[in-house]
Each structure stands twice: as structure tokens, then as C-alpha cells.
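Below is one structure; the comments refer to it alone.
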Amino acid sequence: MKKKHMIIKLPDEKENLDKVISDDRHDVKHVAFSSVVKDGKVEHYALVVWHDAEYGDHMF
């Protein structure tokens with residue numbers, strides 16, 4: 001089982017988050033949201049973990 005991961009920056013990459021959680025082939029196991037202050041600005045991120053029958057467990 002090969003693991004992959006990607007941090008999704010919100011709202012800039014929201015379409016990637018929407019694609020993963022709306023894909024019927026993905027059995028979403030976990031969605032984690034995090035916010036950080038960088039250079040005085042608040043940035044938001046998401047991590048999605050799912051099981052894909054074709055590729056096994058992986059992260060996007």
C-alpha cells in the first residue's frame with residue numbers, strides 16, 4: 001500500500017478538496033482542517049485521507 005499526501009490550501013485550492021470528497025470512488029476516512037498565522041496573515045489548510053479501491057489508502 002503506497003501512501004501519498006498533499007496539503008490543500010484554502011480557499012485557493014478548494015476545487016481539489018471538492019473533487020476528492022465528492023468522488024464516489026473515494027471512501028473518505030478523515031478530513032482535518034488547520035489554520036496558521038504566517039507573516040501576520042491567517043492561512044487555512046486541509047488534509048483529506050481516503051481509501052481508493054483502485055489504489056488503496058492514500059492522502060490528497
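Naming works like this for the C-alpha cells: A, B, ... for the chains as they're shown, residue 1 at the start of each chain, ligands 1 onward in shown order.
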
Skipping near chain neighbours, those fewer than 4 positions away, what residues fall within 10 Å of Pro11 of chain A using only C-alpha atoms, listed as a VMD selection string? chain A and resid 15 17 43 to 46

Suppose we keep C-alpha atoms; can you now write the selection as a short mmCIF file (atom, residue, chain, number, x, y, z; two decimals), in the first residue's frame?
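This is the output file part.cif:
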data_model
loop_
_atom_site.label_atom_id
_atom_site.label_comp_id
_atom_site.auth_asym_id
_atom_site.auth_seq_id
_atom_site.Cartn_x
_atom_site.Cartn_y
_atom_site.Cartn_z
CA GLU A 15 -11.67 22.75 -6.08
CA LEU A 17 -10.91 19.41 -1.88
CA GLU A 43 -3.88 30.83 6.20
CA HIS A 44 -6.17 27.78 6.12
CA TYR A 45 -5.28 24.23 5.06
CA ALA A 46 -6.99 20.84 4.75
#

Skip segment 31-34 of chain A itself and residues of its chain fewer than 4 positions away, then list as a PDB file with N, CA, C and O atoms, in the first residue's frame all residues within 12 Å of it, counting only C-alpha atoms.
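That gives us selection-v6.pdb:
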ATOM      1  N   MET A   6      -1.012  15.419   0.318  1.00  0.00           N
ATOM      2  CA  MET A   6      -0.948  16.777  -0.168  1.00  0.00           C
ATOM      3  C   MET A   6      -1.694  17.662   0.812  1.00  0.00           C
ATOM      4  O   MET A   6      -2.765  17.309   1.289  1.00  0.00           O
ATOM      5  N   ILE A   7      -1.107  18.789   1.103  1.00  0.00           N
ATOM      6  CA  ILE A   7      -1.773  19.794   1.916  1.00  0.00           C
ATOM      7  C   ILE A   7      -2.527  20.700   0.945  1.00  0.00           C
ATOM      8  O   ILE A   7      -1.952  21.209  -0.011  1.00  0.00           O
ATOM      9  N   ILE A   8      -3.816  20.897   1.176  1.00  0.00           N
ATOM     10  CA  ILE A   8      -4.660  21.713   0.302  1.00  0.00           C
ATOM     11  C   ILE A   8      -4.848  23.079   0.943  1.00  0.00           C
ATOM     12  O   ILE A   8      -5.399  23.178   2.038  1.00  0.00           O
ATOM     13  N   LYS A   9      -4.383  24.125   0.275  1.00  0.00           N
ATOM     14  CA  LYS A   9      -4.528  25.479   0.795  1.00  0.00           C
ATOM     15  C   LYS A   9      -5.910  26.013   0.440  1.00  0.00           C
ATOM     16  O   LYS A   9      -6.327  25.970  -0.715  1.00  0.00           O
ATOM     17  N   LEU A  10      -6.591  26.502   1.463  1.00  0.00           N
ATOM     18  CA  LEU A  10      -7.950  27.017   1.263  1.00  0.00           C
ATOM     19  C   LEU A  10      -7.936  28.542   1.388  1.00  0.00           C
ATOM     20  O   LEU A  10      -7.184  29.082   2.189  1.00  0.00           O
ATOM     21  N   PRO A  11      -8.705  29.251   0.630  1.00  0.00           N
ATOM     22  CA  PRO A  11      -9.653  28.788  -0.382  1.00  0.00           C
ATOM     23  C   PRO A  11      -9.026  28.602  -1.761  1.00  0.00           C
ATOM     24  O   PRO A  11      -9.707  28.190  -2.700  1.00  0.00           O
ATOM     25  N   LEU A  17     -10.186  19.992  -3.006  1.00  0.00           N
ATOM     26  CA  LEU A  17     -10.912  19.407  -1.878  1.00  0.00           C
ATOM     27  C   LEU A  17     -12.284  18.914  -2.326  1.00  0.00           C
ATOM     28  O   LEU A  17     -12.689  17.794  -2.008  1.00  0.00           O
ATOM     29  N   ASP A  18     -12.983  19.732  -3.099  1.00  0.00           N
ATOM     30  CA  ASP A  18     -14.308  19.344  -3.598  1.00  0.00           C
ATOM     31  C   ASP A  18     -14.247  18.087  -4.460  1.00  0.00           C
ATOM     32  O   ASP A  18     -15.109  17.215  -4.359  1.00  0.00           O
ATOM     33  N   VAL A  20     -12.068  15.585  -4.349  1.00  0.00           N
ATOM     34  CA  VAL A  20     -11.784  14.385  -3.554  1.00  0.00           C
ATOM     35  C   VAL A  20     -13.013  13.944  -2.772  1.00  0.00           C
ATOM     36  O   VAL A  20     -13.396  12.779  -2.803  1.00  0.00           O
ATOM     37  N   ILE A  21     -13.661  14.865  -2.067  1.00  0.00           N
ATOM     38  CA  ILE A  21     -14.762  14.445  -1.200  1.00  0.00           C
ATOM     39  C   ILE A  21     -16.044  14.140  -1.969  1.00  0.00           C
ATOM     40  O   ILE A  21     -16.920  13.469  -1.455  1.00  0.00           O
ATOM     41  N   ASP A  27     -13.540   6.550  -0.589  1.00  0.00           N
ATOM     42  CA  ASP A  27     -14.159   6.324   0.707  1.00  0.00           C
ATOM     43  C   ASP A  27     -13.399   7.196   1.706  1.00  0.00           C
ATOM     44  O   ASP A  27     -12.366   6.790   2.242  1.00  0.00           O
ATOM     45  N   VAL A  42      -3.678  35.065   8.347  1.00  0.00           N
ATOM     46  CA  VAL A  42      -4.184  33.730   8.673  1.00  0.00           C
ATOM     47  C   VAL A  42      -4.332  32.936   7.379  1.00  0.00           C
ATOM     48  O   VAL A  42      -4.933  33.414   6.415  1.00  0.00           O
ATOM     49  N   GLU A  43      -3.751  31.723   7.347  1.00  0.00           N
ATOM     50  CA  GLU A  43      -3.883  30.826   6.200  1.00  0.00           C
ATOM     51  C   GLU A  43      -4.572  29.550   6.669  1.00  0.00           C
ATOM     52  O   GLU A  43      -4.345  29.085   7.783  1.00  0.00           O
ATOM     53  N   HIS A  44      -5.391  28.971   5.798  1.00  0.00           N
ATOM     54  CA  HIS A  44      -6.170  27.778   6.124  1.00  0.00           C
ATOM     55  C   HIS A  44      -5.749  26.623   5.212  1.00  0.00           C
ATOM     56  O   HIS A  44      -5.511  26.826   4.017  1.00  0.00           O
ATOM     57  N   TYR A  45      -5.699  25.425   5.794  1.00  0.00           N
ATOM     58  CA  TYR A  45      -5.284  24.234   5.060  1.00  0.00           C
ATOM     59  C   TYR A  45      -6.198  23.055   5.409  1.00  0.00           C
ATOM     60  O   TYR A  45      -6.822  23.041   6.464  1.00  0.00           O
ATOM     61  N   ALA A  46      -6.225  22.071   4.502  1.00  0.00           N
ATOM     62  CA  ALA A  46      -6.990  20.843   4.753  1.00  0.00           C
ATOM     63  C   ALA A  46      -6.155  19.635   4.350  1.00  0.00           C
ATOM     64  O   ALA A  46      -5.362  19.706   3.409  1.00  0.00           O
ATOM     65  N   LEU A  47      -6.329  18.548   5.074  1.00  0.00           N
ATOM     66  CA  LEU A  47      -5.735  17.261   4.737  1.00  0.00           C
ATOM     67  C   LEU A  47      -6.881  16.269   4.647  1.00  0.00           C
ATOM     68  O   LEU A  47      -7.680  16.153   5.577  1.00  0.00           O
ATOM     69  N   VAL A  48      -6.965  15.559   3.530  1.00  0.00           N
ATOM     70  CA  VAL A  48      -8.023  14.565   3.339  1.00  0.00           C
ATOM     71  C   VAL A  48      -7.372  13.196   3.192  1.00  0.00           C
ATOM     72  O   VAL A  48      -6.422  13.031   2.434  1.00  0.00           O
ATOM     73  N   VAL A  49      -7.885  12.215   3.944  1.00  0.00           N
ATOM     74  CA  VAL A  49      -7.404  10.839   3.853  1.00  0.00           C
ATOM     75  C   VAL A  49      -8.580   9.988   3.394  1.00  0.00           C
ATOM     76  O   VAL A  49      -9.673  10.084   3.937  1.00  0.00           O
ATOM     77  N   TRP A  50      -8.348   9.152   2.374  1.00  0.00           N
ATOM     78  CA  TRP A  50      -9.419   8.304   1.880  1.00  0.00           C
ATOM     79  C   TRP A  50      -8.881   6.960   1.432  1.00  0.00           C
ATOM     80  O   TRP A  50      -7.687   6.785   1.282  1.00  0.00           O
ATOM     81  N   MET A  59      -3.447   9.692   0.637  1.00  0.00           N
ATOM     82  CA  MET A  59      -3.869  11.039   1.029  1.00  0.00           C
ATOM     83  C   MET A  59      -3.751  11.974  -0.154  1.00  0.00           C
ATOM     84  O   MET A  59      -2.922  11.774  -1.021  1.00  0.00           O
ATOM     85  N   PHE A  60      -4.565  12.996  -0.137  1.00  0.00           N
ATOM     86  CA  PHE A  60      -4.517  14.011  -1.170  1.00  0.00           C
ATOM     87  C   PHE A  60      -4.392  15.357  -0.516  1.00  0.00           C
ATOM     88  O   PHE A  60      -5.041  15.641   0.433  1.00  0.00           O
TER      89      PHE A  60
END
